[in-house]
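These notes are about the structure you will find just below.
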Amino acid sequence: MFKKLVWFLILIYLINMPVASTALSSEPTVEAPSALLFELKRGQILYAKNPDEKLHIAAASKLMTAYIALEKLDLNAMVTASKEAVNAEGALLELTVGEKYTAESLIYASMLSNANDATIALAEAVGGTVEDFVKLMNDYAASLDMINTVFVNPTGAYDENQYTTASDLAKLIRHAITTNQNFEKVFSSQAKPWFDENKTLVLTNLNDMFWSYDGVDGGKVDYNDPKYQTVITTVSRDQQRLVCILLDAPAETMYTDTIKLFEFGFNNFRRGPLVYKGQPLDNITVEGHEVTLIAGSDVYYTYPVGDNYIQEIHYDLVEDNMKLPLYKNTLMGTVKFTLTDGTVITVDLFPDREILPELTSFEKAKKRLMEYSEILYIIIGLCIVEILLLLSKIIKFTYNKITSHKGRR
C-alpha cells in the first residue's frame, strides 16, 4: 500500500509538470560517420550516430596499447629499443637501437603525440613480439565485450582486417579511465617533456579541445588520413563527466562538432539523485511484523531535463532473509530501475529497523545482567567470598574433628 501511494504521488507530480520543460532541444547533426556522447560514471548514452558501424580507427590501437602497457609494466621499467621500433613507420622520437627508455616516457609519447616507435617498443616489451602483443590486445578486447573489434597491429596503421566501433571504444575508454589511475593521468595530460641524451622535446596532446573549451580533462586524436580524424574528448561540468567520440570526422569540423555534442549534453541532461540513502521504497511483512525497506545508499543517475526517464521498476526480494532475527544490515533484496535509454540501475534494500525474536526468561535475565555488568561483577565477587568463607569453615571443622579424635586416644 505504501509503495502504491508513493508512486501515485510521483505520477501526479509528473502529470502536473509543465509540458514545455519535458522536451529536449533538437539533437545536433555532425559530419562524422559515427559518433557517441556518453556519461562516464554509468556509461549512459546521451547521443549516438551509427555507434556500431565498423571503421578502421588508429586511435583504438594506441589506446589499447597504452592501457595494456600500464597494466603490465612498471612505469620506471626500462624498455630497450629494437631495430623494428626505431625504424617503424611514423617514428617520431629518433630512438637509438639498444638504448633503454622508461616505460612511462614511451607511453606518454605514444598517447600524446602518436609516436609509433614508442608504441612498437612498448608492444615488444610486454608481448615479447609484436605478434604476441596483438594476441593480447584481442584477448583484452574480448574480456571487455568489445564484440565488434579486431586488432592487427598496435600502432593503428591501416589494415582492412583491423576495425572497431564507437560503442566498443566507449567500453575501452570507460574501463581504462575508471579502473587505472595511471591511464587517467596520461589521458588527461596536455603536454609532457621527453628527455634523452641527444635532445629534449615537448610532447603535446594533439587534441586542440584542451585549449579551446572549458572543462576539458582528457583527450586523444589519431588518424590514418589527416583529412578524416578520430577525436576523443572528456569534459567535466556540473558534477558530470561526459565523453565525446567522433570517428573519421572531417578535420575541418571535428572540433566544432565535438563542441556541439557537449553543449547538447550539458544543456539537456542533469545528474541527480535517483534515490537517497534511507529513503523508504517498499513495505513488507516478516513473521507478522510490518517492515519498511529503505535504500542502502545514495544513487545518482543522468536524465534529460524535465523528464522522469524511468521506464520500469522491478522488485526482487530475497526470500531466505524474510525471517527473524532481522538486522539493519540484512539484505532484503533489490529494486531495479530501467531507464528509457536501457540503463539498469540496481539499488540494495535493507530493513529500517531491527526485529529480534522474543527472549526466554533466562535470556532476559542474562541480557539484563549483561546490561549492568558492574552489578554482575559484584555478585560474582560476593559469591567467591561466600565460597571461600564456606571452604574456610569446612577446613576448620575438619581440623577440629581430627584434633579431637587424636586427643581421645
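Identifiers in the C-alpha cells: chain A, B, ... in order shown; residue index from 1 per chain; ligand index from 1 in order shown.
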
**Report entry** segment 320-329 of chain A surroundings by only C-alpha atoms, 12 Å radius, close-in-sequence under 6 positions cut, as a VMD selection string
**Finding:** chain A and resid 278 284 to 296 348 to 359

Write the selection just made, keeping C-alpha atoms, as a compact mmCIF listing (two decimals), in the first residue's frame?
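Below is the file that was written, selection02.txt:
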# COMPACT_ATOMS: atom_id res chain seq x y z
CA GLY A 278 17.38 5.68 3.93
CA ILE A 284 6.64 -5.96 3.58
CA THR A 285 5.52 -8.23 6.42
CA VAL A 286 8.03 -10.51 8.16
CA GLU A 287 6.52 -13.03 10.61
CA GLY A 288 3.69 -10.65 11.45
CA HIS A 289 5.87 -7.54 11.71
CA GLU A 290 5.45 -4.62 9.28
CA VAL A 291 8.85 -3.67 7.86
CA THR A 292 9.76 -0.73 5.63
CA LEU A 293 12.51 -1.41 3.10
CA ILE A 294 14.89 1.50 2.58
CA ALA A 295 17.67 2.33 0.10
CA GLY A 296 21.12 1.38 1.34
CA ASP A 348 20.00 -2.64 -2.46
CA LEU A 349 17.14 -2.77 0.05
CA PHE A 350 17.52 -3.04 3.83
CA PRO A 351 15.05 -3.05 6.76
CA ASP A 352 14.53 0.28 8.51
CA ARG A 353 14.80 -1.35 11.95
CA GLU A 354 15.93 -4.45 13.78
CA ILE A 355 13.43 -7.10 14.90
CA LEU A 356 14.70 -9.78 17.28
CA PRO A 357 12.82 -12.92 18.46
CA GLU A 358 11.09 -12.90 21.89
CA LEU A 359 13.59 -13.83 24.61

Query raised in the report: Just how far from atom CA of Leu112 of chain A is atom CA of Lys192 of chain A, in Å to one decimal?
Result: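 Pair atom CA of Lys192 of chain A / atom CA of Leu112 of chain A returns 8.2 Å.
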
Which residues of segment 10-125 of chain A come within 7 Å of segment 251-273 of chain A, and what is each one's closest atom pair and distance in Å (one decimal), counting only C-alpha atoms, sorted by chain and residue number, as a Markdown table?
| residue | atom | partner | partner_atom | distance |
| --- | --- | --- | --- | --- |
| A:Leu24 | CA | A:Asn268 | CA | 6.2 |
| A:Pro28 | CA | A:Lys260 | CA | 6.6 |
| A:Val30 | CA | A:Asp257 | CA | 5.5 |
| A:Leu37 | CA | A:Leu261 | CA | 6.9 |
| A:Leu46 | CA | A:Gly265 | CA | 6.7 |

Query raised in the report: Can you tell me, as a ChimeraX atom specification, what residues are no more than 10 Å from Leu63 of chain A when counting only C-alpha atoms, ignoring any on the same chain fewer than 5 positions away?
Result: /A:58,68-69,107,110-111,154-156,169,172-173,176,183,187,220

Select from segment 213-332 of chain A everything DSSP, run on the backbone, classes as alpha helix (DSSP H), then give the selection as a PDB file with C-alpha atoms, in the first residue's frame.
ATOM      1  CA  MET A 254      35.712  17.689 -35.865  1.00  0.00           C
ATOM      2  CA  TYR A 255      36.154  20.251 -33.075  1.00  0.00           C
ATOM      3  CA  THR A 256      33.042  22.290 -33.812  1.00  0.00           C
ATOM      4  CA  ASP A 257      31.009  19.087 -33.926  1.00  0.00           C
ATOM      5  CA  THR A 258      32.565  17.943 -30.643  1.00  0.00           C
ATOM      6  CA  ILE A 259      31.514  21.229 -29.038  1.00  0.00           C
ATOM      7  CA  LYS A 260      28.004  20.808 -30.466  1.00  0.00           C
ATOM      8  CA  LEU A 261      27.648  17.459 -28.744  1.00  0.00           C
ATOM      9  CA  PHE A 262      28.988  18.700 -25.419  1.00  0.00           C
ATOM     10  CA  GLU A 263      26.649  21.696 -25.491  1.00  0.00           C
ATOM     11  CA  PHE A 264      23.745  19.376 -26.271  1.00  0.00           C
ATOM     12  CA  GLY A 265      24.722  17.094 -23.384  1.00  0.00           C
ATOM     13  CA  PHE A 266      25.286  19.728 -20.726  1.00  0.00           C
ATOM     14  CA  ASN A 267      22.249  21.819 -21.713  1.00  0.00           C
ATOM     15  CA  ASN A 268      19.796  18.934 -21.837  1.00  0.00           C
TER      16      ASN A 268
END

Can you tell me which residues surround segment 71-83 of chain A at a distance of at most 6 Å, considering only C-alpha atoms, apart from same-chain residues fewer than 2 positions away, and format the answer as a PDB file with C-alpha atoms, in the first residue's frame?
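Written out: around_7.pdb:
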ATOM      1  CA  ILE A  68      47.874  -2.866 -21.518  1.00  0.00           C
ATOM      2  CA  ALA A  69      51.336  -1.343 -21.035  1.00  0.00           C
ATOM      3  CA  ALA A  85      60.826   0.028 -33.192  1.00  0.00           C
ATOM      4  CA  VAL A  86      63.412   2.579 -34.298  1.00  0.00           C
ATOM      5  CA  VAL A  97      68.793   0.823 -31.247  1.00  0.00           C
ATOM      6  CA  GLY A  98      69.766  -0.883 -27.989  1.00  0.00           C
ATOM      7  CA  GLU A  99      69.167   2.230 -25.906  1.00  0.00           C
ATOM      8  CA  LYS A 100      66.880   1.974 -22.861  1.00  0.00           C
ATOM      9  CA  TYR A 101      63.928   4.279 -22.195  1.00  0.00           C
ATOM     10  CA  THR A 102      61.417   4.351 -19.344  1.00  0.00           C
ATOM     11  CA  ALA A 103      58.040   2.763 -19.985  1.00  0.00           C
ATOM     12  CA  GLU A 104      56.379   5.927 -18.695  1.00  0.00           C
ATOM     13  CA  ALA A 121      58.818  -0.616 -28.233  1.00  0.00           C
TER      14      ALA A 121
END

Query raised in the report: Near Lys54 of chain A, within 10 Å and counting only C-alpha atoms, which residues show up once chain neighbours fewer than 6 positions away are dropped, as a list in words?
Result: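 Everything that qualifies: Ser34, Asn148, Thr149, Val150, Gln162, Tyr163, Thr164, Thr165, Ala166, Ser167 and Asp168 of chain A.
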
Report summary line: From the list A:Asp298, A:Glu184, A:Glu124, A:Glu53, the nearest residue to Asp248 of chain A using only C-alpha atoms is A:Glu53

Report task. Mind checking which residues fall within 8 Å of Ile245 of chain A, counting only C-alpha atoms, ignoring those fewer than 6 positions away in the same chain, and posting them as a list of chain:residue names? Result -> A:Ala35, A:Leu36, A:Leu37, A:Ala166, A:Ala170, A:Thr230, A:Val231, A:Ile232, A:Thr233, A:Thr258

Requested in this report: With a distance cut-off of 10 Å and only C-alpha atoms, select the neighbouring residues of Tyr315 of chain A, excluding the residue or stretch itself and same-chain residues fewer than 5 positions from it, and output the selection as a PyMOL selection string.
Outcome: chain A and resi 281-282+333-337+346-347+349

Written file, previous selection with C-alpha atoms, as a PDB file, in the first residue's frame:
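Now in selection08.pdb:
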ATOM      1  CA  LEU A 281      10.901   2.160  -1.135  1.00  0.00           C
ATOM      2  CA  ASP A 282       8.615  -0.709  -0.148  1.00  0.00           C
ATOM      3  CA  GLY A 333      16.521  -7.665  -1.890  1.00  0.00           C
ATOM      4  CA  THR A 334      16.967  -5.153  -4.666  1.00  0.00           C
ATOM      5  CA  VAL A 335      14.909  -2.795  -6.763  1.00  0.00           C
ATOM      6  CA  LYS A 336      15.911  -2.377 -10.406  1.00  0.00           C
ATOM      7  CA  PHE A 337      15.196   0.875 -12.214  1.00  0.00           C
ATOM      8  CA  THR A 346      20.149  -1.685  -9.060  1.00  0.00           C
ATOM      9  CA  VAL A 347      19.524  -0.408  -5.530  1.00  0.00           C
ATOM     10  CA  LEU A 349      17.138  -2.771   0.055  1.00  0.00           C
TER      11      LEU A 349
END

Query raised in the report: So how far away is atom CA of Leu106 of chain A from atom CA of Pro193 of chain A, in Å?
Result: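 Atom CA of Leu106 of chain A lies 11.2 Å from atom CA of Pro193 of chain A.
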
Requested in this report: Quick one: pick out all strand (DSSP E or B) residues within segment 63-283 of chain A from a backbone DSSP run and write them as a VMD selection string.
Outcome: chain A and resid 78 to 80 100 to 102 150 163 to 164 191 to 195 200 to 204 216 to 225 228 to 237 240 to 250 269 to 275 280 to 283
